[in-house]
Amino acid sequence: MDKINLTIDHKPVQVEPGTSLLKAAEQVGIKIPTLCYLHLEDLNIENKPGGCRICVVEVSGRRNLAPSCATQCQEGMEVRTNTMRVLNARKTVMELILSDHPFDCLICAKSGTCDLQKTAQDLGIREIHYKGEQSHYKEDRSPSIIRDMDKCILCRRCEMMCNEFQTVGALWGINRGFMSVVAPAFEQDLEKSTCTYCGQCVAVCPTGALTEVDHTNQIIRALANPKKKVIVQTAPAVRAALGEAFGMEPGTLVTGKMVSALKELGFDYVFDTDFAADLTIMEEGTELLKRLTNYLAGNKKESLPILTSCCPAWVNFFEEYFPEMEDIPSTARSPQQMFGAIAKTYFADKIGVDRKDLVVTSIMPCLAKKYECQREEFKTDGNPDVDYALSTRELAALIKQSNIDFLSLPDSDFDKPMGESSGAAVIFGTTGGVIEAAVRTAYEIYTGKTLERISFEELRGMEGIRHATIDFDGLPINIGIAHGLGNARELLESIKAGTCNFHAIEIMACPGGCIGGGGQPLHHGVSGVITARQRAIYEEDLAKPIRKSHENPYIKELYDEFLGEPLSEKSHHLLHTHYFDRSKVKVVIPKTK
Amino acid sequence: MSSIKIELHENQVNELVEVCKSFSNDPLELIHVLHKAQSIFGYLPAEVQEIVARELKVPVAKVYGVVTFYSFFSMIPKGKNPISICMGTACYVRGGEKVLEEFKRKLGVEVGETTKDGLFSLNCLRCVGACGLAPVVMVGDKTYGRVSPDGVQEILAEYR
Ligand code: SF4
Ligand code: SF4
Ligand code: SF4
Ligand code: FES
Ligand code: FES
């Protein structure tokens with residue numbers, strides 16, 4: 001089709017048919033403010049309710065102002081984005097929104113990264129001419145997420161994320177007019193809903209209405225307690241995003257600075273979740289090979305595909321929606337929990353500390369990990385394997401609070417033994433990474449040969465559902481990958497229907513995998529931020545001297561000294577778990593004839 | 001609004017399942033299904049919404065969203081004697097609102113609520129087509145015209 005020509009603020013623009021005025025304006029360097037609109041191109045995520053009207057513009061020949069996010073370009077249009085009429089209309093919209101918004105900015109968790117605050121600043125709002133009633137709701141605290149609906153501006157981005165992208169359906173807009181708000185069914189607490197704690201609603205909320213449960217104070221207290229040894233683990237995706245919180249370009253790796261910062265904060269040992277990721281591969285990879293061998297030997301009881309189980313939001317999801325398939329996922333715990341279990345046994349013994357005096361903290365890109373570390377099955381006599389899980393954002397805040405000038409920090413190395421890891425562990429942070437890591441190890445164990453090529457490009461990418469076949473020396477292994485729970489659901493339905501034939505499937509709840517996790521610095525709707533983090537992750541893998549989990553010398557040592565071998569009794573006890581049926585809607589519907 | 005949990009009888013559940021089926025369990029028919037369900041149960045308790053959600057395969061949160069969006073739907077059982085006050089233009093200008101206030105005061109409930117003894121529930125209506133009699137109040141099927149705040153006590157007494 002022919003291109004469309006129009007002018008925006010007198011600048012000529014040529015666009016494809018179907019382009020919105022907002023996108024066309026971007027092409028000529030005009031940034032129109034938005035609030036409800038959200039578009040992550042590379043991930044196929046879009047919210048376009050056209051509801052807030054902060055993005056209005058003047059279109060020649062039209063009487064009313066048009067929302068630029070929801071208006072398509074037409075031939076010959078003359079668009080103005082900054083006339084007095086437009087500026088006044090925008091201010092009015094903003095003042096009306098603010099008239100029902102608390103003035104908590106100075107003490108709000110989102111302050112400084114809040115889109116509403118920034119937009120109000122950009123629009124130069126200095127007073128509010130509308131005085132009205134303010135809506136009040138009770139605060140809702142779940143193990144991972146806080147809902148403070150007084151701050152909700154009803155952009156409905158969270159509703160879109162939870163329903164369209166995740167297909168969880170925990171949140172929906174209710175009531176109307178002044179009373180309307182986004183809430184779980186029957187306005188119950190999030191904890192009673194079907195929420196998986198993926199945190200994707202938090203990741204897109206433009207205000208402080210949705211935030212994570214903050215554990216920084218508990219950590220400060222633990223660090224100040226001379227009786228406690230405090231150790232920390234950092235998830236692979238954190239190093240690829242933490243720098244953003246200090247103004248660095250997305251995709252800047254800050255592994256060394258992050259370790260230095262953690263040492264300055266006073267952690268006794270700075271370890272790496274990547275170590276546990278290597279351990280996960282040993283256990284999960286061995287489980288895959290065992291199930292595969294049984295299956296090939298014709299054992300009808302063996303079910304394939306095997307599904308990865310390192311993402312706790314994904315675990316929550318299938319416990320809720322696919323409880324009948326609970327024997328398909330690997331029983332391997334997530335790397336966070338494997339780390340905790342080994343730290344509070346093997347490592348605690350090594351340094352001669354009682355598990356009660358060892359505080360295990362983790363830095364995670366993830367909000368589901370906050371819930372996960374509180375699960376009863378991960379406690380011994382009430383003492384959790386992982387005491388606190390901080391998000392990447394909380395770590396950044398803690399560093400700032402402690403007067404550490406992050407940008408000028410030198411690089412440091414992780415401590416031994418639980419800080420050593422392979423490149424295979426690093427790529428756990430991105431979609432496709434866990435299964436690639438598993439392939440690297442499973443291939444070599446199964447075939448007894450050394451891989452000629454360590455990078456598996458065919459498993460990489462950003463498409464929501466991907467598949468590839470890897471040749472295990474004559475045995476074709478079919479692999480599926482999904483990120484986002486909606487994509488996972490699609491893949492699971494096709495397994496149920498028997499229309500696909502996978503041996504192994506990797507699933508991550510967040511867009512792009514953990515690099516797009518709900519605890520990461522906010523992407524503010526720019527999907528390039530997530531792809532940049534992905535590049536950084538693969539860069540770190542390439543730079544690692546060891547790139548296969550089974551070659552990590554400290555993992556070998558751990559098996560020699562403590563665990564014996566993968567899937568040993570001790571491994572089962574410490575590194576594996578079982579799943580529950582958590583489907584919430586318990587109405588029993590009698591069979592009808 | 002808080003939800004009221006009730007135990008549905010098995011045949012009521014079956015009836016509801018049949019209603020959903022009569023709309024082919026089509027999620028696009030959600031509003032019609034809820035409409036029908038309300039006509040059967042008189043209101044839409046949480047349990048009914050959960051069954052509808054499961055049958056139509058939509059999130060319960062969405063069903064609740066729809067139920068709370070339309071004032072037609074109610075999550076509270078109707079009183080034995082449902083009182084409806086006309087808030088159409090004619091009734092409004094002739095003092096319908098004052099009559100409503102008096103009902104609220106006497107019954108101690110808000111619009112959309114039911115008295116604790118279950119005897120009365122209070123609702124507003126748009127023009128009921130009896131403007132000549134404004135302000136108009138209906139209790140069950142019975143219509144009262146030219147109601148003044150003073151007359152409220154008398155109307156209630158009829159049903160006590
Ligand atoms: S955390 Fe995830 S599942 Fe829970 S409400 Fe938010 S988007 Fe939905
Ligand atoms: S909670 Fe946040 S994301 Fe959800 S509608 Fe309100 S402001 Fe938007
Ligand atoms: S994808 Fe990663 S960040 Fe997201 S919920 Fe799963 S483990 Fe957490
Ligand atoms: S951003 Fe365009 S209407 Fe909200
Ligand atoms: S306005 Fe009340 S009957 Fe018409």
# chains A, B, ... in the order shown; residues from 1 in each chain; ligands from 1
>>> residues_near_ligand(ligand="ligand 3", cutoff="10 Å", atoms="only C-alpha atoms and all ligand atoms", output="short mmCIF file (atom, residue, chain, number, x, y, z; two decimals) with C-alpha atoms, in the first residue's frame")
data_model
loop_
_atom_site.label_atom_id
_atom_site.label_comp_id
_atom_site.auth_asym_id
_atom_site.auth_seq_id
_atom_site.Cartn_x
_atom_site.Cartn_y
_atom_site.Cartn_z
CA THR A 196 1.16 -15.66 40.35
CA TYR A 197 3.26 -12.75 41.70
CA CYS A 198 4.99 -12.39 38.34
CA GLY A 199 5.05 -8.66 39.03
CA GLN A 200 4.31 -7.68 35.45
CA ALA A 235 20.54 -13.59 39.94
CA PRO A 236 21.97 -13.52 36.41
CA ALA A 237 19.56 -10.89 35.06
CA VAL A 238 20.42 -8.32 37.74
CA SER A 309 10.79 -25.25 36.92
CA CYS A 310 13.14 -22.38 37.74
CA CYS A 311 10.54 -19.64 37.46
CA PRO A 312 8.38 -19.44 40.59
CA ALA A 313 5.62 -17.43 38.89
CA TRP A 314 5.39 -20.17 36.32
CA VAL A 315 5.23 -22.76 39.11
CA ASN A 316 2.39 -20.78 40.73
CA SER A 334 14.65 -22.81 41.37
CA PRO A 335 18.28 -21.65 41.52
CA GLN A 336 17.37 -19.22 44.31
CA MET A 364 16.44 -10.91 42.16
CA PRO A 365 14.90 -9.38 39.03
CA CYS A 366 11.74 -10.98 40.29
CA LEU A 367 8.84 -10.39 42.69
CA ALA A 368 7.67 -14.00 42.69
CA LYS A 369 10.88 -14.91 44.51
CA LYS A 370 9.67 -12.96 47.54
CA GLU A 372 8.77 -18.36 46.85
CA SER A 391 14.46 -6.79 43.78
CA PHE A 428 19.51 -18.31 32.69
CA GLY A 429 18.63 -14.62 32.74
CA THR A 430 17.08 -14.61 29.28
CA THR A 431 14.36 -16.58 27.55
CA HIS A 483 8.03 -16.68 27.74
CA GLY A 484 4.97 -14.93 29.09
CA LEU A 485 2.32 -17.06 30.76
CA ILE A 507 9.03 -21.61 30.39
CA MET A 508 9.58 -18.16 31.91
CA ALA A 509 6.76 -15.97 33.11
CA CYS A 510 8.21 -12.60 32.21
CA PRO A 511 8.61 -10.97 28.80
CA GLY A 512 12.12 -11.82 27.61
CA GLY A 513 12.63 -14.04 30.67
CA CYS A 514 14.09 -12.68 33.91
CA ILE A 515 15.74 -9.73 32.13
CA GLY A 516 12.16 -8.41 31.83
CA GLY A 517 11.27 -9.44 35.38
CA GLY A 518 8.86 -7.56 37.63
CA GLY A 519 11.66 -6.42 39.95
CA GLN A 520 13.94 -4.86 37.34
#
>>> select_by_dssp(residues="stretch 38-140 of chain B", states="strand (DSSP E)", output="list in words")
Asn81, Pro82, Ile83, Ser84, Ile85, Cys86, Phe120, Ser121, Leu122, Asn123, Cys124, Leu125, Val137, Met138 and Val139 of chain B
>>> closest_residue(among="A:Gly525, A:Ile495, A:Lys91, A:Asn47", to="A:Arg126", atoms="only C-alpha atoms")
A:Lys91
>>> select_by_dssp(residues="chain B", states="alpha helix (DSSP H)", output="MDAnalysis selection string")
chainID B and resid 10:22 30:41 46:56 60:69 89:91 97:107 152:157
>>> residues_around(residues="stretch 69-86 of chain B", least_positions_apart="5", cutoff="8 Å", atoms="only C-alpha atoms", output="ChimeraX atom specification")
/A:174-176 /B:3-4,35,38,42-46,91-92,96,100,112-115,118-128,135-140,159
>>> residues_around(residues="stretch 281-284 of chain A", least_positions_apart="3", cutoff="9 Å", atoms="only C-alpha atoms", output="PyMOL selection string")
chain A and resi 276-278+287-289+308-309+330-332+424-425+434-435+437-438+441-442+549-550+555+565-567+571+575-576
>>> residues_around(residues="A:Asp387", least_positions_apart="4", cutoff="9 Å", atoms="only C-alpha atoms", output="count of residues only")
8
>>> residues_around(residues="B:Val60", least_positions_apart="5", cutoff="6 Å", atoms="only C-alpha atoms", output="ChimeraX atom specification")
/A:185 /B:50,53
>>> write_last_selection(atoms="C-alpha atoms", output="PDB file, in the first residue's frame")
ATOM      1  CA  ALA A 185     -12.565 -10.549  42.120  1.00  0.00           C
TER       2      ALA A 185
ATOM      3  CA  GLU B  50     -17.648 -18.143  40.177  1.00  0.00           C
ATOM      4  CA  ALA B  53     -16.774 -17.671  35.250  1.00  0.00           C
TER       5      ALA B  53
END
>>> decode(residues="stretch 409-420 of chain A", atoms="N, CA and C atoms", output="compact mmCIF listing (two decimals), in the first residue's frame")
# COMPACT_ATOMS: atom_id res chain seq x y z
N LEU A 409 32.76 2.91 41.31
CA LEU A 409 33.25 1.69 41.96
C LEU A 409 34.17 0.90 41.03
N PRO A 410 35.23 0.27 41.59
CA PRO A 410 36.04 -0.64 40.78
C PRO A 410 35.31 -1.98 40.62
N ASP A 411 35.84 -2.84 39.78
CA ASP A 411 35.26 -4.18 39.63
C ASP A 411 35.83 -5.11 40.69
N SER A 412 34.99 -6.01 41.22
CA SER A 412 35.49 -7.04 42.13
C SER A 412 34.95 -8.39 41.67
N ASP A 413 35.57 -9.44 42.20
CA ASP A 413 35.13 -10.79 41.87
C ASP A 413 34.27 -11.37 42.98
N PHE A 414 33.38 -12.27 42.60
CA PHE A 414 32.58 -12.99 43.58
C PHE A 414 33.49 -13.81 44.48
N ASP A 415 32.98 -14.13 45.68
CA ASP A 415 33.75 -14.97 46.59
C ASP A 415 33.60 -16.44 46.20
N LYS A 416 34.53 -17.23 46.72
CA LYS A 416 34.49 -18.68 46.49
C LYS A 416 33.90 -19.35 47.72
N PRO A 417 33.29 -20.48 47.63
CA PRO A 417 33.10 -21.33 46.46
C PRO A 417 31.80 -21.05 45.69
N MET A 418 30.82 -20.40 46.35
CA MET A 418 29.51 -20.34 45.71
C MET A 418 29.36 -19.12 44.79
N GLY A 419 30.49 -18.52 44.43
CA GLY A 419 30.44 -17.40 43.51
C GLY A 419 30.96 -17.75 42.13
N GLU A 420 31.40 -18.99 41.99
CA GLU A 420 31.98 -19.40 40.71
C GLU A 420 30.89 -19.94 39.80
